[in-house]
file run_26.txt (compact mmCIF, C-alpha atoms and all ligand atoms)
# COMPACT_ATOMS: atom_id res chain seq x y z
CA MET A 1 140.52 221.28 -19.57
CA LYS A 2 139.83 218.63 -22.19
CA ILE A 3 137.21 218.56 -24.95
CA LEU A 4 136.02 215.51 -26.81
CA ALA A 5 134.69 216.36 -30.28
CA ILE A 6 132.52 214.36 -32.68
CA GLU A 7 131.94 215.05 -36.39
CA THR A 8 129.52 213.02 -38.56
CA SER A 9 127.97 215.60 -40.90
CA CYS A 10 128.85 213.84 -44.15
CA ASP A 11 131.00 210.82 -44.99
CA GLU A 12 133.71 210.96 -42.33
CA THR A 13 133.30 209.58 -38.82
CA ALA A 14 135.71 211.68 -36.78
CA ILE A 15 136.50 212.01 -33.08
CA ALA A 16 139.22 214.05 -31.35
CA ILE A 17 140.30 214.80 -27.79
CA VAL A 18 142.09 218.09 -27.25
CA GLU A 19 143.59 219.59 -24.08
CA ILE A 20 143.34 223.37 -23.77
CA LYS A 21 145.33 225.72 -21.57
CA ASN A 22 145.01 229.47 -21.18
CA LEU A 23 148.29 231.24 -20.78
CA PRO A 24 148.75 234.85 -19.64
CA ALA A 25 149.49 237.36 -22.39
CA GLN A 26 153.12 237.48 -23.36
CA THR A 27 152.84 240.37 -25.76
CA GLY A 28 150.06 242.55 -27.09
CA ASP A 29 146.49 242.43 -26.00
CA GLY A 30 145.71 238.82 -25.94
CA LYS A 31 145.99 235.68 -24.02
CA LEU A 32 147.49 232.67 -25.66
CA VAL A 33 145.25 229.63 -25.85
CA LYS A 34 147.33 226.47 -26.16
CA PHE A 35 145.92 223.31 -27.68
CA LYS A 36 147.39 219.84 -27.36
CA ILE A 37 146.00 217.06 -29.55
CA LEU A 38 145.65 213.97 -27.36
CA GLY A 39 143.78 211.88 -29.91
CA ASN A 40 142.49 212.50 -33.44
CA GLU A 41 140.92 209.88 -35.68
CA ILE A 42 139.00 209.98 -38.97
CA SER A 43 137.31 206.96 -40.49
CA SER A 44 136.49 207.77 -44.09
CA GLN A 45 133.61 206.20 -46.02
CA ILE A 46 134.81 207.42 -49.42
CA ASP A 47 135.39 203.90 -50.76
CA ILE A 48 131.82 202.91 -49.88
CA HIS A 49 130.24 205.97 -51.52
CA LYS A 50 132.47 205.84 -54.61
CA GLU A 51 130.15 203.28 -56.20
CA TYR A 52 127.28 205.76 -56.06
CA GLY A 53 129.33 208.68 -57.37
CA GLY A 54 128.44 210.71 -54.26
CA VAL A 55 127.41 210.38 -50.63
CA TYR A 56 124.42 208.09 -50.09
CA PRO A 57 122.76 209.31 -46.82
CA ALA A 58 121.26 206.02 -45.60
CA LEU A 59 124.60 204.29 -46.06
CA ALA A 60 126.44 207.15 -44.35
CA LYS A 61 124.13 206.80 -41.33
CA ARG A 62 124.67 203.04 -41.10
CA GLU A 63 128.46 203.43 -41.33
CA HIS A 64 128.59 206.21 -38.71
CA ILE A 65 126.60 204.08 -36.25
CA LYS A 66 128.97 201.19 -36.83
CA ASN A 67 132.14 203.31 -36.70
CA LEU A 68 131.49 205.70 -33.80
CA PRO A 69 132.22 203.26 -30.92
CA LEU A 70 135.30 201.92 -32.76
CA VAL A 71 136.68 205.39 -33.46
CA LEU A 72 136.04 206.43 -29.83
CA GLU A 73 137.90 203.38 -28.56
CA LYS A 74 140.86 204.22 -30.80
CA VAL A 75 140.94 207.88 -29.72
CA LEU A 76 140.70 207.00 -26.01
CA ARG A 77 143.60 204.58 -26.42
CA GLU A 78 145.61 207.25 -28.23
CA ALA A 79 144.82 209.80 -25.49
CA LYS A 80 145.52 207.21 -22.75
CA ILE A 81 142.14 207.85 -21.15
CA LYS A 82 140.01 204.99 -19.80
CA GLU A 83 136.33 205.27 -20.76
CA ASP A 84 135.19 205.07 -17.11
CA LYS A 85 137.38 208.12 -16.36
CA LEU A 86 135.61 210.31 -18.93
CA LYS A 87 133.52 212.07 -16.26
CA THR A 88 136.58 213.50 -14.53
CA GLU A 89 138.72 213.95 -17.63
CA ILE A 90 136.38 215.63 -20.15
CA ALA A 91 134.81 219.07 -19.60
CA GLY A 92 132.54 219.07 -22.65
CA ILE A 93 131.52 217.00 -25.66
CA ALA A 94 131.49 219.13 -28.81
CA VAL A 95 129.33 217.75 -31.60
CA THR A 96 128.46 218.99 -35.10
CA THR A 97 124.72 219.75 -35.22
CA GLY A 98 124.63 221.10 -38.80
CA PRO A 99 124.76 221.93 -41.61
CA GLY A 100 125.06 218.52 -43.28
CA LEU A 101 123.09 215.37 -43.98
CA GLU A 102 120.51 215.09 -41.20
CA PRO A 103 120.56 211.28 -40.83
CA ALA A 104 124.36 211.47 -40.55
CA LEU A 105 124.31 214.42 -38.12
CA TRP A 106 121.84 212.61 -35.85
CA THR A 107 124.20 209.65 -35.38
CA GLY A 108 126.87 211.92 -33.86
CA ILE A 109 124.32 213.81 -31.75
CA VAL A 110 122.73 210.64 -30.35
CA PHE A 111 126.19 209.25 -29.57
CA ALA A 112 127.16 212.52 -27.81
CA LYS A 113 123.93 212.52 -25.80
CA GLU A 114 124.48 208.94 -24.68
CA LEU A 115 127.99 209.75 -23.47
CA SER A 116 126.65 212.93 -21.85
CA ALA A 117 123.95 211.08 -19.91
CA LYS A 118 126.27 208.26 -18.90
CA TYR A 119 129.18 210.42 -17.70
CA LYS A 120 127.37 213.69 -16.83
CA ILE A 121 129.29 215.81 -19.33
CA PRO A 122 127.59 218.77 -21.09
CA VAL A 123 127.18 218.66 -24.87
CA ILE A 124 128.42 221.66 -26.89
CA PRO A 125 126.59 222.10 -30.23
CA VAL A 126 128.96 223.23 -33.00
CA ASN A 127 128.24 224.60 -36.47
CA HIS A 128 130.22 222.62 -39.07
CA MET A 129 131.13 225.78 -41.02
CA GLU A 130 132.45 227.41 -37.85
CA GLY A 131 134.63 224.32 -37.54
CA HIS A 132 136.04 224.91 -41.04
CA ILE A 133 136.92 228.50 -40.04
CA PHE A 134 138.95 227.23 -37.05
CA SER A 135 140.57 224.49 -39.17
CA ILE A 136 143.44 226.78 -40.15
CA PHE A 137 144.98 226.68 -36.65
CA PRO A 138 146.16 223.08 -36.14
CA LYS A 139 149.71 222.68 -37.45
CA LYS A 140 151.79 219.63 -38.31
CA GLY A 141 152.73 218.60 -34.75
CA LYS A 142 150.66 217.78 -31.69
CA THR A 143 150.39 221.32 -30.35
CA PHE A 144 149.22 224.67 -31.67
CA SER A 145 148.08 227.95 -30.16
CA ILE A 146 145.69 230.78 -30.92
CA LYS A 147 146.48 234.28 -29.77
CA ASN A 148 143.55 236.44 -28.84
CA ASP A 149 144.77 239.15 -31.15
CA LYS A 150 142.51 242.08 -32.04
CA GLU A 151 144.82 242.85 -34.97
CA LEU A 152 143.44 239.85 -36.86
CA PHE A 153 139.98 241.41 -37.20
CA PRO A 154 137.98 241.98 -39.27
CA ILE A 155 138.45 238.57 -40.85
CA LEU A 156 136.87 237.42 -44.11
CA THR A 157 136.35 233.70 -44.59
CA LEU A 158 135.81 231.97 -47.91
CA LEU A 159 134.17 228.63 -47.11
CA VAL A 160 134.23 226.20 -50.00
CA SER A 161 133.05 222.62 -49.63
CA GLY A 162 130.80 219.97 -51.13
CA GLY A 163 127.72 221.61 -49.61
CA HIS A 164 128.68 225.28 -49.24
CA THR A 165 130.19 228.28 -50.96
CA GLU A 166 130.06 231.28 -48.66
CA LEU A 167 131.78 234.55 -47.88
CA VAL A 168 131.49 235.27 -44.16
CA LEU A 169 132.67 238.32 -42.22
CA VAL A 170 134.08 237.59 -38.76
CA LYS A 171 134.05 240.72 -36.61
CA ASN A 172 135.24 238.73 -33.62
CA TRP A 173 135.31 235.02 -32.81
CA LEU A 174 131.73 233.73 -32.81
CA LYS A 175 130.45 236.95 -34.46
CA TYR A 176 129.58 236.07 -38.02
CA LYS A 177 127.83 237.83 -40.89
CA LYS A 178 127.28 236.02 -44.13
CA ILE A 179 127.71 238.45 -47.04
CA GLY A 180 127.35 236.04 -49.95
CA GLN A 181 126.62 232.45 -50.85
CA THR A 182 125.88 230.20 -53.78
CA ARG A 183 122.41 230.43 -55.26
CA ASP A 184 122.49 226.87 -56.55
CA ASP A 185 125.32 224.30 -56.51
CA ALA A 186 128.25 224.49 -54.09
CA VAL A 187 131.64 224.72 -55.79
CA GLY A 188 132.74 221.27 -54.52
CA GLU A 189 129.46 219.80 -55.73
CA ALA A 190 130.13 221.24 -59.20
CA PHE A 191 133.59 219.62 -59.18
CA ASP A 192 132.05 216.28 -58.18
CA LYS A 193 129.36 216.49 -60.88
CA VAL A 194 131.75 217.53 -63.65
CA ALA A 195 134.11 214.73 -62.65
CA ARG A 196 131.25 212.26 -62.94
CA MET A 197 130.41 213.55 -66.45
CA MET A 198 133.99 212.79 -67.45
CA GLY A 199 133.95 209.34 -65.87
CA LEU A 200 136.29 210.32 -63.02
CA PRO A 201 135.83 208.85 -59.51
CA TYR A 202 134.29 210.56 -56.43
CA PRO A 203 135.35 212.91 -54.88
CA GLY A 204 135.91 214.78 -58.12
CA GLY A 205 137.82 217.82 -56.84
CA PRO A 206 141.27 216.25 -56.55
CA GLU A 207 140.79 214.28 -59.81
CA ILE A 208 139.96 217.41 -61.80
CA GLY A 209 142.82 219.25 -60.11
CA LYS A 210 145.32 216.59 -61.20
CA LEU A 211 144.16 216.63 -64.85
CA ALA A 212 144.11 220.44 -64.91
CA GLU A 213 147.69 220.51 -63.68
CA VAL A 214 148.86 218.16 -66.47
CA GLU A 215 147.26 220.53 -68.98
CA ARG A 216 148.92 223.57 -67.39
CA GLN A 217 152.30 221.86 -67.67
CA ILE A 218 151.64 221.25 -71.39
CA ILE A 219 150.67 224.89 -71.92
CA ALA A 220 153.73 226.07 -69.97
CA LYS A 221 156.01 224.07 -72.24
CA GLY A 222 154.85 226.15 -75.18
CA PRO A 223 152.63 225.72 -78.21
CA SER A 224 154.84 223.35 -80.15
CA PHE A 225 154.99 220.77 -77.37
CA GLY A 226 151.34 221.30 -76.52
CA ILE A 227 150.11 220.87 -80.07
CA SER A 228 152.36 218.00 -81.02
CA SER A 229 151.31 216.08 -77.93
CA ARG A 230 147.74 216.29 -79.16
CA THR A 231 147.99 215.79 -82.90
CA VAL A 232 147.54 212.08 -82.77
CA LEU A 233 144.52 212.66 -84.95
CA LYS A 234 145.31 215.92 -86.71
CA GLU A 235 141.90 216.44 -88.28
CA VAL A 236 140.28 216.15 -84.84
CA SER A 237 142.56 218.55 -83.06
CA ASP A 238 142.34 221.08 -85.92
CA SER A 239 138.57 221.22 -85.80
CA LEU A 240 138.29 221.06 -82.04
CA PRO A 241 136.03 223.82 -80.73
CA SER A 242 137.83 226.20 -78.42
CA ILE A 243 137.15 225.22 -74.85
CA ILE A 244 135.96 228.35 -73.12
CA LEU A 245 133.60 228.22 -70.16
CA PRO A 246 131.60 231.03 -68.53
CA ARG A 247 132.58 232.76 -65.27
CA PRO A 248 129.08 232.93 -63.75
CA MET A 249 128.13 236.01 -61.68
CA MET A 250 131.76 237.20 -61.66
CA TYR A 251 130.77 240.84 -62.13
CA SER A 252 127.43 240.84 -60.30
CA LYS A 253 127.13 243.59 -57.70
CA ASP A 254 126.56 241.24 -54.77
CA TYR A 255 128.76 238.56 -53.20
CA ASP A 256 126.67 235.61 -54.33
CA PHE A 257 127.88 232.75 -56.50
CA SER A 258 126.34 230.33 -59.00
CA PHE A 259 127.98 227.15 -60.23
CA SER A 260 125.10 225.29 -61.79
CA GLY A 261 125.42 227.12 -65.15
CA LEU A 262 129.13 226.36 -65.28
CA LYS A 263 128.41 222.68 -64.68
CA THR A 264 125.73 222.70 -67.42
CA ALA A 265 128.14 224.40 -69.83
CA VAL A 266 130.52 221.46 -69.33
CA LEU A 267 127.65 219.03 -69.91
CA TYR A 268 126.83 220.67 -73.28
CA LEU A 269 130.48 220.84 -74.26
CA ILE A 270 130.94 217.11 -73.62
CA ARG A 271 127.67 216.37 -75.45
CA ASP A 272 128.85 218.36 -78.51
CA LEU A 273 132.26 216.68 -78.50
CA ARG A 274 130.70 213.23 -78.23
CA ALA A 275 128.24 214.03 -81.05
CA LYS A 276 131.06 215.08 -83.34
CA TYR A 277 133.72 212.51 -82.54
CA SER A 278 133.82 208.86 -81.68
CA GLU A 279 135.11 207.80 -78.26
CA GLU A 280 138.20 206.50 -80.06
CA GLU A 281 138.88 209.82 -81.75
CA LEU A 282 138.38 211.68 -78.49
CA SER A 283 140.66 209.50 -76.47
CA ALA A 284 143.26 209.85 -79.21
CA LEU A 285 143.40 213.55 -78.42
CA GLY A 286 146.50 213.81 -76.31
CA GLY A 287 147.05 210.09 -76.38
CA PRO A 288 146.27 207.78 -73.48
CA ALA A 289 145.79 210.62 -71.00
CA SER A 290 142.65 211.79 -72.85
CA GLY A 291 143.64 215.33 -73.70
CA TRP A 292 140.06 216.55 -74.02
CA LYS A 293 139.41 215.80 -70.35
CA GLN A 294 142.57 217.66 -69.38
CA MET A 295 141.52 220.69 -71.41
CA ILE A 296 138.06 220.80 -69.86
CA ALA A 297 139.41 220.20 -66.35
CA ARG A 298 141.86 223.11 -66.70
CA GLU A 299 139.27 225.52 -68.06
CA PHE A 300 136.65 224.43 -65.49
CA GLU A 301 139.03 224.82 -62.54
CA ASP A 302 140.21 228.22 -63.80
CA ALA A 303 136.61 229.42 -64.28
CA ALA A 304 135.51 228.32 -60.79
CA PHE A 305 138.56 229.68 -58.96
CA GLU A 306 138.70 232.97 -60.87
CA VAL A 307 135.13 233.74 -59.77
CA LEU A 308 135.82 232.74 -56.14
CA SER A 309 138.97 234.84 -55.98
CA TYR A 310 137.52 237.88 -57.80
CA LYS A 311 134.61 238.18 -55.37
CA THR A 312 136.90 237.54 -52.40
CA MET A 313 139.19 240.42 -53.47
CA LYS A 314 136.18 242.71 -53.87
CA ALA A 315 134.99 241.92 -50.34
CA LEU A 316 138.50 242.31 -48.88
CA LYS A 317 138.60 245.86 -50.23
CA GLU A 318 135.05 246.87 -49.36
CA TYR A 319 135.20 245.65 -45.76
CA LYS A 320 138.86 246.70 -45.15
CA ILE A 321 139.73 243.16 -44.10
CA LYS A 322 142.98 242.34 -42.29
CA THR A 323 142.90 238.53 -42.47
CA LEU A 324 141.56 236.04 -45.00
CA ILE A 325 140.72 232.48 -43.98
CA VAL A 326 139.96 229.88 -46.65
CA GLY A 327 138.37 226.66 -45.40
CA GLY A 328 136.41 223.58 -46.48
CA GLY A 329 137.27 220.61 -48.70
CA VAL A 330 137.95 222.69 -51.83
CA SER A 331 140.64 224.68 -49.95
CA ALA A 332 142.85 221.62 -50.54
CA ALA A 333 143.21 222.66 -54.20
CA PRO A 334 146.76 224.02 -54.75
CA GLN A 335 145.45 226.04 -57.70
CA LEU A 336 142.94 227.92 -55.51
CA LYS A 337 145.77 228.97 -53.20
CA LYS A 338 147.84 230.08 -56.21
CA VAL A 339 145.03 232.14 -57.74
CA ILE A 340 144.18 233.84 -54.43
CA GLU A 341 147.82 234.61 -53.55
CA ASN A 342 148.40 236.00 -57.05
CA ASP A 343 145.29 238.16 -56.89
CA LEU A 344 146.31 239.51 -53.47
CA LYS A 345 149.61 240.62 -55.00
CA LYS A 346 147.97 242.03 -58.15
CA ASN A 347 145.55 244.05 -56.01
CA LYS A 348 148.39 245.14 -53.68
CA LEU A 349 146.41 243.96 -50.68
CA LYS A 350 148.30 243.53 -47.41
CA VAL A 351 145.94 240.86 -46.17
CA LYS A 352 147.34 237.78 -44.51
CA ALA A 353 145.81 234.67 -46.07
CA TYR A 354 145.51 231.40 -44.14
CA PHE A 355 144.70 227.97 -45.53
CA PRO A 356 144.26 224.77 -43.47
CA GLY A 357 147.26 222.46 -43.21
CA ARG A 358 147.34 219.13 -45.01
CA GLY A 359 144.85 216.70 -43.53
CA ASN A 360 142.71 219.48 -42.06
CA THR A 361 141.03 220.73 -45.26
CA GLY A 362 138.37 218.01 -45.27
CA ASP A 363 135.98 217.14 -42.47
CA ASN A 364 137.64 216.34 -39.15
CA ALA A 365 136.86 216.49 -35.42
CA LEU A 366 139.88 218.62 -34.51
CA MET A 367 138.25 221.72 -35.99
CA ILE A 368 135.04 220.90 -34.08
CA ALA A 369 137.04 220.67 -30.83
CA VAL A 370 138.58 224.13 -31.38
CA ALA A 371 135.25 225.75 -32.32
CA GLY A 372 133.65 223.83 -29.41
CA TYR A 373 136.15 225.32 -26.95
CA TYR A 374 135.21 228.87 -28.02
CA GLN A 375 131.51 228.00 -27.74
CA TYR A 376 132.11 226.46 -24.30
CA LYS A 377 133.87 229.59 -23.10
CA ASN A 378 130.95 231.60 -24.41
CA LYS A 379 128.63 229.48 -22.21
CA LYS A 380 125.53 230.81 -24.02
CA SER A 381 125.44 227.79 -26.26
CA LEU A 382 125.29 225.28 -23.41
CA LYS A 383 121.63 224.33 -23.49
CA ASN A 384 120.07 221.28 -21.95
CA SER A 385 122.16 218.61 -23.67
CA GLN A 386 119.22 216.33 -24.36
CA LEU A 387 117.38 219.07 -26.32
CA ILE A 388 120.08 219.42 -28.97
CA LYS A 389 118.85 218.64 -32.48
CA ALA A 390 120.32 218.13 -35.94
CA ASP A 391 119.69 220.93 -38.45
CA GLY A 392 120.74 220.08 -41.99
CA ASN A 393 120.46 223.73 -43.07
CA LEU A 394 122.00 225.37 -40.00
CA SER A 395 123.46 228.74 -40.95
CA LEU A 396 126.31 230.71 -39.38
O1 LIG B 401 134.49 220.02 -46.49
P1 LIG B 401 134.37 218.71 -47.18
O2 LIG B 401 135.36 217.62 -46.89
O3 LIG B 401 132.94 218.10 -46.96
C1 LIG B 401 131.79 218.91 -46.93
O4 LIG B 401 131.50 219.48 -45.84
O5 LIG B 401 131.19 219.03 -48.01
O6 LIG B 401 134.38 219.02 -48.78
C2 LIG B 401 134.27 218.00 -49.74
C3 LIG B 401 134.37 218.63 -51.12
C4 LIG B 401 134.08 217.65 -52.26
O7 LIG B 401 133.14 218.25 -53.13
C5 LIG B 401 135.45 217.49 -52.94
O8 LIG B 401 135.36 217.21 -54.33
C6 LIG B 401 136.07 218.83 -52.68
O9 LIG B 401 135.69 219.14 -51.36
N1 LIG B 401 137.54 218.78 -52.81
C7 LIG B 401 138.23 219.47 -53.75
C8 LIG B 401 139.60 219.10 -53.60
N2 LIG B 401 139.68 218.22 -52.56
C9 LIG B 401 138.40 218.03 -52.09
N3 LIG B 401 137.81 220.32 -54.71
C10 LIG B 401 138.74 220.85 -55.52
N4 LIG B 401 140.05 220.54 -55.47
C11 LIG B 401 140.53 219.68 -54.52
N5 LIG B 401 141.83 219.39 -54.46
ZN ZN B 402 132.93 220.20 -44.46
call {"tool": "encode", "arguments": {"input": "run_26.txt", "output": "structure tokens", "more": "lines below"}}
Ligand code: KG4
Ligand code: ZN
result
Amino acid sequence: MKILAIETSCDETAIAIVEIKNLPAQTGDGKLVKFKILGNEISSQIDIHKEYGGVYPALAKREHIKNLPLVLEKVLREAKIKEDKLKTEIAGIAVTTGPGLEPALWTGIVFAKELSAKYKIPVIPVNHMEGHIFSIFPKKGKTFSIKNDKELFPILTLLVSGGHTELVLVKNWLKYKKIGQTRDDAVGEAFDKVARMMGLPYPGGPEIGKLAEVERQIIAKGPSFGISSRTVLKEVSDSLPSIILPRPMMYSKDYDFSFSGLKTAVLYLIRDLRAKYSEEELSALGGPASGWKQMIAREFEDAAFEVLSYKTMKALKEYKIKTLIVGGGVSAAPQLKKVIENDLKKNKLKVKAYFPGRGNTGDNALMIAVAGYYQYKNKKSLKNSQLIKADGNLSL
């Protein structure tokens, strides 16, 4: 069977067509589900939203409406399927119904409903966060498989994106229990806002990550190199306040997070630095690379990831977890992977940790196709296609 999947929850217009085959069990308890990617396209709007320093919903909606037919055409060509053959070729149309920006979500849903009515194909509503959980399975090539393996469970997922920061228990596929979430800003949102304060482009996560890494290299080379690279203006670097940021809610008893205080701490730090030094003096710190930004980026990234990892370790122990899945845009950060893998070792936890492959960390339709297949098999979610609605706050 083949599934066509549509994702428009934020600033990527994505469509994929995936062929799925069930194979008899070769070993162990489970069947092997084989996936073949027939077509997979993402049209990103990042360059359009960059000007606004974040995603502008009305613009996102306009771009999705414009892009959806073009992306579909491209995917059909890639999959070698003629549009008039969709009725016989496609078993279900999976579409993200939330969470996300409602005007953006609606564009994908309306498009799915139109195809559904025209070609008599049922629509499968998919939760975007469920998609991020399944995003760890696609590999580099065109095929991948998922073994129905009881040994994987219970799974803990750490979902970190521009809109969400959640710890979710997965007792079995499609059986979710949220055990913690952010009380204010999502971690990716905090990265984007801090980047904006430092004059870095949107999306801020990768920009901060790059600066933080430069700083780590300086620190690794030892104090003499580190200091000398920054003593362009000696009196400035000598009187520089130490850059230490809070680790909000790290030791709270629950599994919730908070990133708004961390973001505000950076705001005050930058305000104090700017009050004390001229722009010229500041940029002289560390030469052309603006050492002060590097220092803040490194401390900010460490603070955010230490909290995420600490709470993840606590939950892994409490719930006797066998597998950890990290998903969402922020899972692209190499430093997050490093911190989590280090903490697993330090805590002597024999938990297998999975991160999405390159290209699958951000929003894509492939993950919606995989989650959609499991929903389709479950049948329960197949309502009257025309009744499906967008829900910006949809929860797992
Ligand atoms: O999952 P995603 O593509 O979209 C949402 O559903 O929100 O996540 C986007 C978020 C943005 O906030 C972006 O800054 C962040 O993921 N991000 C990163 C990195 N790459 C993307 N954050 C930290 N480090 C990165 N390397
Ligand atoms: Zn996402």
call {"tool": "residues_near_ligand", "arguments": {"input": "run_26.txt", "ligand": "ligand LIG 401 (chain B)", "cutoff": "6 Å", "atoms": "only C-alpha atoms and all ligand atoms", "output": "PyMOL selection string"}}
result
chain A and resi 161-163+188-189+191-192+203-206+209+328-330+332-333+362-363
call {"tool": "residues_around", "arguments": {"input": "run_26.txt", "residues": "Leu76 (chain A)", "least_positions_apart": "5", "cutoff": "7 Å", "atoms": "all atoms listed in the file", "output": "NGL selection string"}}
result
:A and (39 or 81-82)
call {"tool": "write_last_selection", "arguments": {"input": "run_26.txt", "atoms": "C-alpha atoms", "output": "compact mmCIF listing (two decimals), keeping the file's coordinate frame"}}
result
# COMPACT_ATOMS: atom_id res chain seq x y z
CA GLY A 39 143.78 211.88 -29.91
CA ILE A 81 142.14 207.85 -21.15
CA LYS A 82 140.01 204.99 -19.80
call {"tool": "residues_near_ligand", "arguments": {"input": "run_26.txt", "ligand": "ligand ZN 402 (chain B)", "cutoff": "12 Å", "atoms": "all atoms listed in the file", "output": "MDAnalysis selection string"}}
result
chainID A and resid 7:12 14 96 98:101 127:135 159:165 186 188:189 327:332 360:365 367:368
call {"tool": "closest_residue", "arguments": {"input": "run_26.txt", "among": "A:Leu158, A:Met295, A:Ile121, A:Ile136", "to": "Met198 (chain A)", "atoms": "all atoms listed in the file"}}
result
A:Met295
call {"tool": "closest_residue", "arguments": {"input": "run_26.txt", "among": "A:Leu152, A:Ala297, A:Ile109, A:Leu86", "to": "Val170 (chain A)", "atoms": "all atoms listed in the file"}}
result
A:Leu152
call {"tool": "atom_distance", "arguments": {"input": "run_26.txt", "atom1": "CA of Leu156 (chain A)", "atom2": "CA of Ile325 (chain A)"}}
result
6.3 Å
call {"tool": "atom_distance", "arguments": {"input": "run_26.txt", "atom1": "CA of Tyr310 (chain A)", "atom2": "CA of Pro154 (chain A)"}}
result
19.0 Å
call {"tool": "decode", "arguments": {"input": "run_26.txt", "residues": "region 173-187 of chain A", "atoms": "N, CA, C and O atoms", "output": "mmCIF file, in the first residue's frame"}}
result
data_model
loop_
_atom_site.group_PDB
_atom_site.id
_atom_site.type_symbol
_atom_site.label_atom_id
_atom_site.label_comp_id
_atom_site.auth_asym_id
_atom_site.auth_seq_id
_atom_site.Cartn_x
_atom_site.Cartn_y
_atom_site.Cartn_z
ATOM 1 N N TRP A 173 3.338 1.756 20.388
ATOM 2 C CA TRP A 173 3.056 2.739 19.343
ATOM 3 C C TRP A 173 1.629 3.237 19.478
ATOM 4 O O TRP A 173 0.714 2.467 19.729
ATOM 5 N N LEU A 174 1.457 4.514 19.400
ATOM 6 C CA LEU A 174 0.159 5.211 19.499
ATOM 7 C C LEU A 174 -0.358 5.313 20.940
ATOM 8 O O LEU A 174 -1.463 5.784 21.165
ATOM 9 N N LYS A 175 0.410 4.834 21.912
ATOM 10 C CA LYS A 175 -0.007 4.940 23.322
ATOM 11 C C LYS A 175 0.925 5.896 24.038
ATOM 12 O O LYS A 175 2.025 5.505 24.437
ATOM 13 N N TYR A 176 0.488 7.135 24.179
ATOM 14 C CA TYR A 176 1.356 8.179 24.705
ATOM 15 C C TYR A 176 0.888 8.708 26.049
ATOM 16 O O TYR A 176 -0.299 8.790 26.312
ATOM 17 N N LYS A 177 1.878 9.098 26.875
ATOM 18 C CA LYS A 177 1.538 9.790 28.128
ATOM 19 C C LYS A 177 2.573 10.884 28.341
ATOM 20 O O LYS A 177 3.762 10.602 28.507
ATOM 21 N N LYS A 178 2.087 12.111 28.300
ATOM 22 C CA LYS A 178 3.005 13.235 28.491
ATOM 23 C C LYS A 178 3.337 13.331 29.975
ATOM 24 O O LYS A 178 2.434 13.378 30.803
ATOM 25 N N ILE A 179 4.637 13.351 30.319
ATOM 26 C CA ILE A 179 4.973 13.443 31.744
ATOM 27 C C ILE A 179 5.551 14.817 32.102
ATOM 28 O O ILE A 179 5.663 15.157 33.274
ATOM 29 N N GLY A 180 5.907 15.596 31.118
ATOM 30 C CA GLY A 180 6.423 16.936 31.410
ATOM 31 C C GLY A 180 6.438 17.793 30.163
ATOM 32 O O GLY A 180 6.476 17.273 29.037
ATOM 33 N N GLN A 181 6.387 19.099 30.383
ATOM 34 C CA GLN A 181 6.430 20.019 29.235
ATOM 35 C C GLN A 181 6.875 21.401 29.693
ATOM 36 O O GLN A 181 6.939 21.666 30.895
ATOM 37 N N THR A 182 7.146 22.279 28.748
ATOM 38 C CA THR A 182 7.573 23.609 29.147
ATOM 39 C C THR A 182 6.376 24.411 29.675
ATOM 40 O O THR A 182 5.253 24.244 29.211
ATOM 41 N N ARG A 183 6.661 25.241 30.665
ATOM 42 C CA ARG A 183 5.581 26.067 31.223
ATOM 43 C C ARG A 183 5.505 27.407 30.512
ATOM 44 O O ARG A 183 4.577 28.177 30.737
ATOM 45 N N ASP A 184 6.519 27.719 29.719
ATOM 46 C CA ASP A 184 6.484 29.000 28.998
ATOM 47 C C ASP A 184 7.045 28.821 27.581
ATOM 48 O O ASP A 184 6.395 28.242 26.740
ATOM 49 N N ASP A 185 8.266 29.279 27.333
ATOM 50 C CA ASP A 185 8.826 29.177 25.985
ATOM 51 C C ASP A 185 9.294 27.752 25.678
ATOM 52 O O ASP A 185 9.764 27.047 26.573
ATOM 53 N N ALA A 186 9.203 27.375 24.390
ATOM 54 C CA ALA A 186 9.817 26.116 23.957
ATOM 55 C C ALA A 186 11.317 26.362 23.835
ATOM 56 O O ALA A 186 11.749 27.508 23.654
ATOM 57 N N VAL A 187 12.113 25.296 23.904
ATOM 58 C CA VAL A 187 13.566 25.477 23.869
ATOM 59 C C VAL A 187 14.019 26.094 22.536
ATOM 60 O O VAL A 187 14.858 27.005 22.506
#
